Structure formats: structure tokens, C-alpha cells
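Chemist: This is model33.txt, which holds compact mmCIF, N, CA and C atoms:
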```txt
# COMPACT_ATOMS: atom_id res chain seq x y z
N MET A 1 272.66 -155.02 54.73
CA MET A 1 273.75 -154.19 54.25
C MET A 1 274.79 -155.11 53.60
N LYS A 2 275.11 -154.85 52.35
CA LYS A 2 276.05 -155.71 51.64
C LYS A 2 277.47 -155.58 52.17
N SER A 3 278.01 -154.37 52.14
CA SER A 3 279.37 -154.19 52.63
C SER A 3 279.56 -152.75 53.09
N THR A 4 280.52 -152.58 53.99
CA THR A 4 280.75 -151.28 54.60
C THR A 4 282.24 -150.98 54.63
N SER A 5 282.59 -149.73 54.31
CA SER A 5 283.96 -149.25 54.47
C SER A 5 283.96 -148.06 55.41
N ILE A 6 284.94 -148.06 56.29
CA ILE A 6 285.19 -146.92 57.16
C ILE A 6 286.32 -146.14 56.49
N ILE A 7 286.08 -144.89 56.14
CA ILE A 7 287.13 -144.05 55.55
C ILE A 7 287.59 -143.07 56.61
N ILE A 8 288.86 -143.21 56.97
CA ILE A 8 289.47 -142.40 58.03
C ILE A 8 290.46 -141.43 57.41
N SER A 9 290.22 -140.14 57.56
CA SER A 9 291.18 -139.16 57.08
C SER A 9 292.22 -138.91 58.18
N THR A 10 293.48 -138.74 57.75
CA THR A 10 294.54 -138.52 58.73
C THR A 10 295.65 -137.67 58.13
N TYR A 11 296.38 -137.02 59.02
CA TYR A 11 297.58 -136.27 58.64
C TYR A 11 298.49 -136.13 59.85
N ASN A 12 299.57 -136.86 59.85
CA ASN A 12 300.66 -136.73 60.83
C ASN A 12 300.23 -136.77 62.29
N LYS A 13 299.31 -137.67 62.61
CA LYS A 13 298.95 -137.88 64.02
C LYS A 13 298.93 -139.38 64.30
N PRO A 14 300.08 -140.06 64.16
CA PRO A 14 300.10 -141.51 64.33
C PRO A 14 299.68 -141.97 65.72
N TYR A 15 299.98 -141.17 66.73
CA TYR A 15 299.59 -141.52 68.10
C TYR A 15 298.07 -141.65 68.21
N PHE A 16 297.35 -140.69 67.62
CA PHE A 16 295.88 -140.74 67.63
C PHE A 16 295.36 -141.86 66.73
N LEU A 17 295.96 -142.01 65.56
CA LEU A 17 295.52 -143.06 64.62
C LEU A 17 295.61 -144.44 65.26
N GLU A 18 296.63 -144.66 66.04
CA GLU A 18 296.78 -145.95 66.74
C GLU A 18 295.59 -146.19 67.67
N LYS A 19 295.17 -145.20 68.38
CA LYS A 19 294.02 -145.33 69.28
C LYS A 19 292.72 -145.53 68.50
N VAL A 20 292.58 -144.82 67.39
CA VAL A 20 291.39 -144.96 66.54
C VAL A 20 291.30 -146.39 66.00
N LEU A 21 292.41 -146.91 65.47
CA LEU A 21 292.39 -148.28 64.93
C LEU A 21 292.13 -149.31 66.03
N THR A 22 292.62 -149.06 67.23
CA THR A 22 292.31 -149.94 68.36
C THR A 22 290.80 -149.93 68.62
N GLY A 23 290.17 -148.77 68.49
CA GLY A 23 288.72 -148.68 68.64
C GLY A 23 287.99 -149.55 67.63
N TYR A 24 288.50 -149.63 66.41
CA TYR A 24 287.85 -150.47 65.40
C TYR A 24 288.08 -151.96 65.65
N LEU A 25 289.13 -152.29 66.36
CA LEU A 25 289.34 -153.69 66.77
C LEU A 25 288.25 -154.14 67.75
N CYS A 26 287.68 -153.21 68.48
CA CYS A 26 286.71 -153.52 69.55
C CYS A 26 285.26 -153.44 69.10
N GLN A 27 285.00 -153.27 67.81
CA GLN A 27 283.63 -153.15 67.33
C GLN A 27 282.85 -154.46 67.50
N ILE A 28 281.59 -154.35 67.88
CA ILE A 28 280.77 -155.56 67.98
C ILE A 28 280.30 -156.03 66.61
N TYR A 29 280.20 -155.11 65.66
CA TYR A 29 279.89 -155.43 64.26
C TYR A 29 281.22 -155.48 63.52
N LYS A 30 281.51 -156.60 62.87
CA LYS A 30 282.85 -156.83 62.31
C LYS A 30 282.92 -156.81 60.78
N ASN A 31 281.79 -156.70 60.10
CA ASN A 31 281.78 -156.83 58.64
C ASN A 31 282.06 -155.48 57.97
N PHE A 32 283.31 -155.03 58.05
CA PHE A 32 283.71 -153.77 57.43
C PHE A 32 285.20 -153.82 57.11
N ASP A 33 285.60 -152.96 56.20
CA ASP A 33 287.02 -152.73 55.98
C ASP A 33 287.32 -151.27 56.28
N ILE A 34 288.60 -150.95 56.32
CA ILE A 34 289.04 -149.60 56.64
C ILE A 34 289.90 -149.09 55.49
N ILE A 35 289.62 -147.87 55.08
CA ILE A 35 290.46 -147.19 54.10
C ILE A 35 290.99 -145.93 54.78
N ILE A 36 292.30 -145.85 54.90
CA ILE A 36 292.90 -144.67 55.51
C ILE A 36 293.28 -143.70 54.41
N ALA A 37 292.67 -142.52 54.45
CA ALA A 37 292.91 -141.46 53.48
C ALA A 37 293.95 -140.52 54.08
N ASP A 38 295.19 -140.71 53.68
CA ASP A 38 296.34 -140.05 54.29
C ASP A 38 296.79 -138.86 53.45
N ASP A 39 296.64 -137.67 54.00
CA ASP A 39 296.93 -136.42 53.30
C ASP A 39 298.41 -136.04 53.38
N GLY A 40 299.29 -137.01 53.18
CA GLY A 40 300.72 -136.73 53.10
C GLY A 40 301.50 -136.89 54.38
N SER A 41 301.08 -137.79 55.25
CA SER A 41 301.78 -138.01 56.51
C SER A 41 303.17 -138.60 56.29
N THR A 42 303.96 -138.56 57.34
CA THR A 42 305.32 -139.10 57.30
C THR A 42 305.31 -140.62 57.50
N GLU A 43 306.49 -141.17 57.49
CA GLU A 43 306.70 -142.61 57.65
C GLU A 43 306.12 -143.16 58.95
N LYS A 44 306.05 -142.37 59.99
CA LYS A 44 305.53 -142.84 61.28
C LYS A 44 304.08 -143.33 61.14
N THR A 45 303.30 -142.64 60.35
CA THR A 45 301.91 -143.05 60.14
C THR A 45 301.86 -144.38 59.40
N ARG A 46 302.67 -144.53 58.36
CA ARG A 46 302.70 -145.78 57.61
C ARG A 46 303.08 -146.95 58.51
N LYS A 47 304.02 -146.74 59.42
CA LYS A 47 304.44 -147.81 60.33
C LYS A 47 303.30 -148.27 61.24
N ILE A 48 302.50 -147.32 61.72
CA ILE A 48 301.34 -147.68 62.55
C ILE A 48 300.37 -148.52 61.73
N ILE A 49 300.09 -148.08 60.51
CA ILE A 49 299.16 -148.81 59.64
C ILE A 49 299.69 -150.21 59.35
N ASP A 50 300.97 -150.31 59.02
CA ASP A 50 301.57 -151.63 58.75
C ASP A 50 301.49 -152.54 59.97
N HIS A 51 301.70 -151.97 61.14
CA HIS A 51 301.61 -152.76 62.38
C HIS A 51 300.21 -153.37 62.52
N PHE A 52 299.17 -152.58 62.29
CA PHE A 52 297.81 -153.08 62.42
C PHE A 52 297.47 -154.08 61.30
N ARG A 53 297.99 -153.86 60.12
CA ARG A 53 297.77 -154.82 59.03
C ARG A 53 298.36 -156.19 59.36
N GLU A 54 299.56 -156.17 59.93
CA GLU A 54 300.30 -157.41 60.19
C GLU A 54 299.87 -158.12 61.47
N ASN A 55 299.33 -157.39 62.43
CA ASN A 55 299.09 -157.97 63.76
C ASN A 55 297.63 -158.03 64.19
N THR A 56 296.72 -157.66 63.29
CA THR A 56 295.30 -157.72 63.63
C THR A 56 294.53 -158.31 62.45
N ASP A 57 293.24 -158.51 62.66
CA ASP A 57 292.36 -159.00 61.59
C ASP A 57 291.71 -157.86 60.81
N LEU A 58 292.07 -156.63 61.13
CA LEU A 58 291.48 -155.51 60.40
C LEU A 58 291.94 -155.52 58.94
N ASP A 59 290.98 -155.33 58.04
CA ASP A 59 291.26 -155.23 56.60
C ASP A 59 291.48 -153.75 56.30
N ILE A 60 292.75 -153.35 56.14
CA ILE A 60 293.10 -151.94 56.00
C ILE A 60 293.76 -151.68 54.65
N LYS A 61 293.24 -150.66 53.98
CA LYS A 61 293.87 -150.13 52.77
C LYS A 61 294.39 -148.74 53.11
N HIS A 62 295.54 -148.38 52.54
CA HIS A 62 296.16 -147.09 52.83
C HIS A 62 296.30 -146.31 51.53
N VAL A 63 295.61 -145.18 51.43
CA VAL A 63 295.70 -144.31 50.27
C VAL A 63 296.48 -143.07 50.72
N TRP A 64 297.58 -142.78 50.04
CA TRP A 64 298.48 -141.69 50.44
C TRP A 64 298.83 -140.85 49.22
N HIS A 65 299.00 -139.57 49.43
CA HIS A 65 299.62 -138.73 48.42
C HIS A 65 300.61 -137.81 49.09
N LYS A 66 301.51 -137.25 48.29
CA LYS A 66 302.56 -136.37 48.80
C LYS A 66 301.94 -135.15 49.48
N ASP A 67 302.58 -134.72 50.55
CA ASP A 67 302.12 -133.53 51.27
C ASP A 67 302.29 -132.30 50.39
N ASN A 68 301.15 -131.71 50.03
CA ASN A 68 301.15 -130.52 49.19
C ASN A 68 300.17 -129.50 49.78
N GLY A 69 300.26 -129.32 51.09
CA GLY A 69 299.30 -128.47 51.77
C GLY A 69 298.02 -129.24 52.04
N PHE A 70 297.04 -128.56 52.55
CA PHE A 70 295.77 -129.19 52.92
C PHE A 70 295.02 -129.65 51.66
N GLN A 71 294.96 -130.98 51.47
CA GLN A 71 294.31 -131.59 50.31
C GLN A 71 293.39 -132.73 50.75
N LYS A 72 292.72 -132.52 51.87
CA LYS A 72 291.88 -133.58 52.45
C LYS A 72 290.81 -134.07 51.48
N CYS A 73 290.15 -133.17 50.79
CA CYS A 73 289.09 -133.58 49.87
C CYS A 73 289.63 -134.44 48.73
N THR A 74 290.82 -134.11 48.25
CA THR A 74 291.43 -134.89 47.18
C THR A 74 291.71 -136.31 47.63
N ILE A 75 292.31 -136.48 48.82
CA ILE A 75 292.63 -137.83 49.29
C ILE A 75 291.37 -138.60 49.66
N LEU A 76 290.34 -137.92 50.15
CA LEU A 76 289.07 -138.59 50.41
C LEU A 76 288.46 -139.12 49.11
N ASN A 77 288.54 -138.34 48.04
CA ASN A 77 288.04 -138.81 46.75
C ASN A 77 288.79 -140.04 46.27
N LYS A 78 290.10 -140.07 46.48
CA LYS A 78 290.89 -141.25 46.10
C LYS A 78 290.47 -142.47 46.93
N ALA A 79 290.17 -142.25 48.19
CA ALA A 79 289.71 -143.36 49.04
C ALA A 79 288.36 -143.89 48.56
N ILE A 80 287.48 -142.99 48.20
CA ILE A 80 286.17 -143.40 47.67
C ILE A 80 286.34 -144.22 46.40
N GLU A 81 287.25 -143.78 45.53
CA GLU A 81 287.48 -144.48 44.27
C GLU A 81 287.91 -145.94 44.45
N ILE A 82 288.70 -146.22 45.49
CA ILE A 82 289.16 -147.61 45.66
C ILE A 82 288.20 -148.47 46.48
N SER A 83 287.22 -147.84 47.09
CA SER A 83 286.26 -148.61 47.88
C SER A 83 285.41 -149.48 46.97
N GLU A 84 285.10 -150.67 47.47
CA GLU A 84 284.20 -151.59 46.77
C GLU A 84 282.92 -151.79 47.56
N SER A 85 282.70 -150.96 48.55
CA SER A 85 281.56 -151.14 49.45
C SER A 85 280.33 -150.37 49.00
N ASP A 86 279.19 -150.84 49.51
CA ASP A 86 277.91 -150.21 49.24
C ASP A 86 277.64 -149.05 50.19
N TYR A 87 278.27 -149.06 51.36
CA TYR A 87 278.01 -148.07 52.40
C TYR A 87 279.35 -147.54 52.92
N LEU A 88 279.48 -146.23 52.99
CA LEU A 88 280.71 -145.60 53.45
C LEU A 88 280.43 -144.79 54.72
N ILE A 89 281.32 -144.95 55.70
CA ILE A 89 281.26 -144.17 56.92
C ILE A 89 282.55 -143.34 56.97
N PHE A 90 282.40 -142.03 57.05
CA PHE A 90 283.56 -141.13 57.07
C PHE A 90 283.82 -140.67 58.50
N THR A 91 285.10 -140.67 58.86
CA THR A 91 285.50 -140.20 60.18
C THR A 91 286.93 -139.67 60.10
N ASP A 92 287.40 -139.09 61.18
CA ASP A 92 288.74 -138.51 61.21
C ASP A 92 289.68 -139.36 62.06
N GLY A 93 290.96 -139.18 61.82
CA GLY A 93 292.00 -139.95 62.48
C GLY A 93 292.24 -139.61 63.92
N ASP A 94 291.39 -138.80 64.51
CA ASP A 94 291.49 -138.52 65.95
C ASP A 94 290.15 -138.75 66.65
N CYS A 95 289.25 -139.47 66.00
CA CYS A 95 287.93 -139.78 66.56
C CYS A 95 287.90 -141.27 66.93
N ILE A 96 287.99 -141.54 68.20
CA ILE A 96 288.03 -142.93 68.68
C ILE A 96 286.60 -143.45 68.80
N PRO A 97 286.26 -144.51 68.06
CA PRO A 97 284.89 -145.01 68.08
C PRO A 97 284.62 -145.88 69.31
N ASN A 98 283.39 -145.77 69.84
CA ASN A 98 283.02 -146.73 70.87
C ASN A 98 282.67 -148.05 70.19
N GLN A 99 282.44 -149.07 70.96
CA GLN A 99 282.26 -150.42 70.40
C GLN A 99 281.00 -150.57 69.55
N TYR A 100 280.07 -149.64 69.65
CA TYR A 100 278.81 -149.71 68.90
C TYR A 100 278.78 -148.78 67.69
N PHE A 101 279.88 -148.10 67.40
CA PHE A 101 279.91 -147.08 66.36
C PHE A 101 279.44 -147.62 65.01
N VAL A 102 280.06 -148.68 64.53
CA VAL A 102 279.70 -149.22 63.21
C VAL A 102 278.31 -149.84 63.26
N LYS A 103 278.00 -150.58 64.29
CA LYS A 103 276.68 -151.22 64.43
C LYS A 103 275.56 -150.18 64.41
N THR A 104 275.76 -149.07 65.09
CA THR A 104 274.76 -148.01 65.10
C THR A 104 274.53 -147.47 63.69
N HIS A 105 275.60 -147.24 62.96
CA HIS A 105 275.46 -146.78 61.57
C HIS A 105 274.69 -147.78 60.73
N ILE A 106 275.02 -149.04 60.87
CA ILE A 106 274.35 -150.09 60.09
C ILE A 106 272.87 -150.15 60.45
N ASN A 107 272.57 -150.05 61.72
CA ASN A 107 271.17 -150.13 62.16
C ASN A 107 270.29 -149.00 61.61
N ILE A 108 270.87 -147.81 61.46
CA ILE A 108 270.04 -146.69 61.00
C ILE A 108 270.18 -146.41 59.50
N ALA A 109 271.07 -147.14 58.82
CA ALA A 109 271.23 -146.95 57.37
C ALA A 109 269.99 -147.42 56.64
N LYS A 110 269.67 -146.73 55.60
CA LYS A 110 268.53 -147.12 54.77
C LYS A 110 269.05 -147.70 53.47
N ASP A 111 268.52 -148.83 53.06
CA ASP A 111 268.94 -149.45 51.80
C ASP A 111 268.45 -148.66 50.62
```
Rewrite the structure from the file as C-alpha cells, please.
Modeler:
Amino acid sequence: MKSTSIIISTYNKPYFLEKVLTGYLCQIYKNFDIIIADDGSTEKTRKIIDHFRENTDLDIKHVWHKDNGFQKCTILNKAIEISESDYLIFTDGDCIPNQYFVKTHINIAKD
């Protein structure tokens, strides 16, 4: 597998996003980046993301647009556009991964 991006959709749940990002810190497979597809969250979400960018080794990109109602598909498309990876894993900002989450995806992915 050449490269992998985890695309996490989120909207105004920074408490959950913090736990989700902590789950990605614990992965046994480390060759991935994270793109957070933010559907218009407030400043609290950005602060959580900035904290993880500054204090961990996670490679995190944050894609945000103004809150204009439910526009999850639009922000996911923007996240896909900035990805440079060969393999994308989509998940939500309230799904905490176990330590084998990324490794399991990589193991069953077909080239």
C-alpha cells in the first residue's frame, strides 16, 4: 500500500473528536495521515485539531466550510480533493478506532 488517508467527518462534537484522534495515536500501523472534513464546526473543534497538530506526531489536515446546514457530502468531497493518498478510509468524528483499525483495513485492501 503506497499511502493511506483517514477522512474523518465532524460537526460540533469536539469532545468526541478528541477521543477519536487519541484512538489514531494508538494505531499499530502508523503510515497514514488524517484529513478532518469539518461541516462548519465552531472554534472549539479547531482548537482540538490544533492541539493534536502541535502536540502529537499525527499528520492532520483540516478542511472546513461555513455552517450552511447539513453539507457533509460537500465537505467530504473537499477532503478527497486535497488527499494525495492511494487509499482512503472514511469514518465519523464519533467513532473511536481500536488499535488495529487501520492495520485491518490495510490487510484486507486490494491493490
Chemist: Env of Ile35 in chain A: 12 Å cut, atoms = only C-alpha atoms, seq-sep filter 6 positions within chain, self excluded. Answer as a ChimeraX atom specification.
Modeler: /A:4-10,21,49,53,58-64,75-85,88-93
Chemist: Just give me the gap between CA of Lys47 in chain A and CA of Cys26 in chain A in Å, one decimal is fine.
Modeler: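 Atom-to-atom, CA of Lys47 in chain A to CA of Cys26 in chain A, that is 20.8 Å.
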Chemist: Figure out the distance between CA of Thr74 in chain A and CA of Phe32 in chain A, please, to one decimal in Å.
Modeler: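 Separating CA of Phe32 in chain A from CA of Thr74 in chain A is a distance of 22.8 Å.
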Chemist: Measure the distance from CA of Thr56 in chain A to atom C of Ile28 in chain A in Å and round it to one decimal.
Modeler: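 Pair CA of Thr56 in chain A / atom C of Ile28 in chain A returns 15.4 Å.
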Chemist: Run DSSP on the backbone of this structure and report the residues of range 4-101 of chain A it assigns to helix (DSSP H, G or I), as number ranges by chain.
Modeler: A: 14-25, 43-55, 72-82, 101
Chemist: Just checking: using all atoms listed in the file, which residue out of A:Glu43, A:Phe16, A:Ser3, A:Gln27 ends up closest to Phe101 in chain A?
Modeler: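 With all atoms listed in the file as the atom set, the closest residue is A:Gln27.
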Chemist: Do a neighbour search on Thr42 in chain A at 9 Å with only C-alpha atoms, toss out local chain neighbours closer than 4 positions, and write the hits as a list of chain:residue names.
Modeler: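 Returned residues: A:Tyr11, A:Asn12, A:Arg46, A:Asp67.
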Chemist: Name the residues of chain A that fall into strand (DSSP E) according to DSSP on the backbone, using the chain letters and numbers of this document, as an MDAnalysis selection string.
Modeler: chainID A and resid 4:10 33:38 60:64 87:92
Chemist: I'd like to know which of A:Asp39, A:Ile96, A:Lys19, A:Ala109 is closest to Cys73 in chain A, using only N, CA and C atoms.
Modeler: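 For Cys73 in chain A, the nearest of the candidates is A:Asp39.
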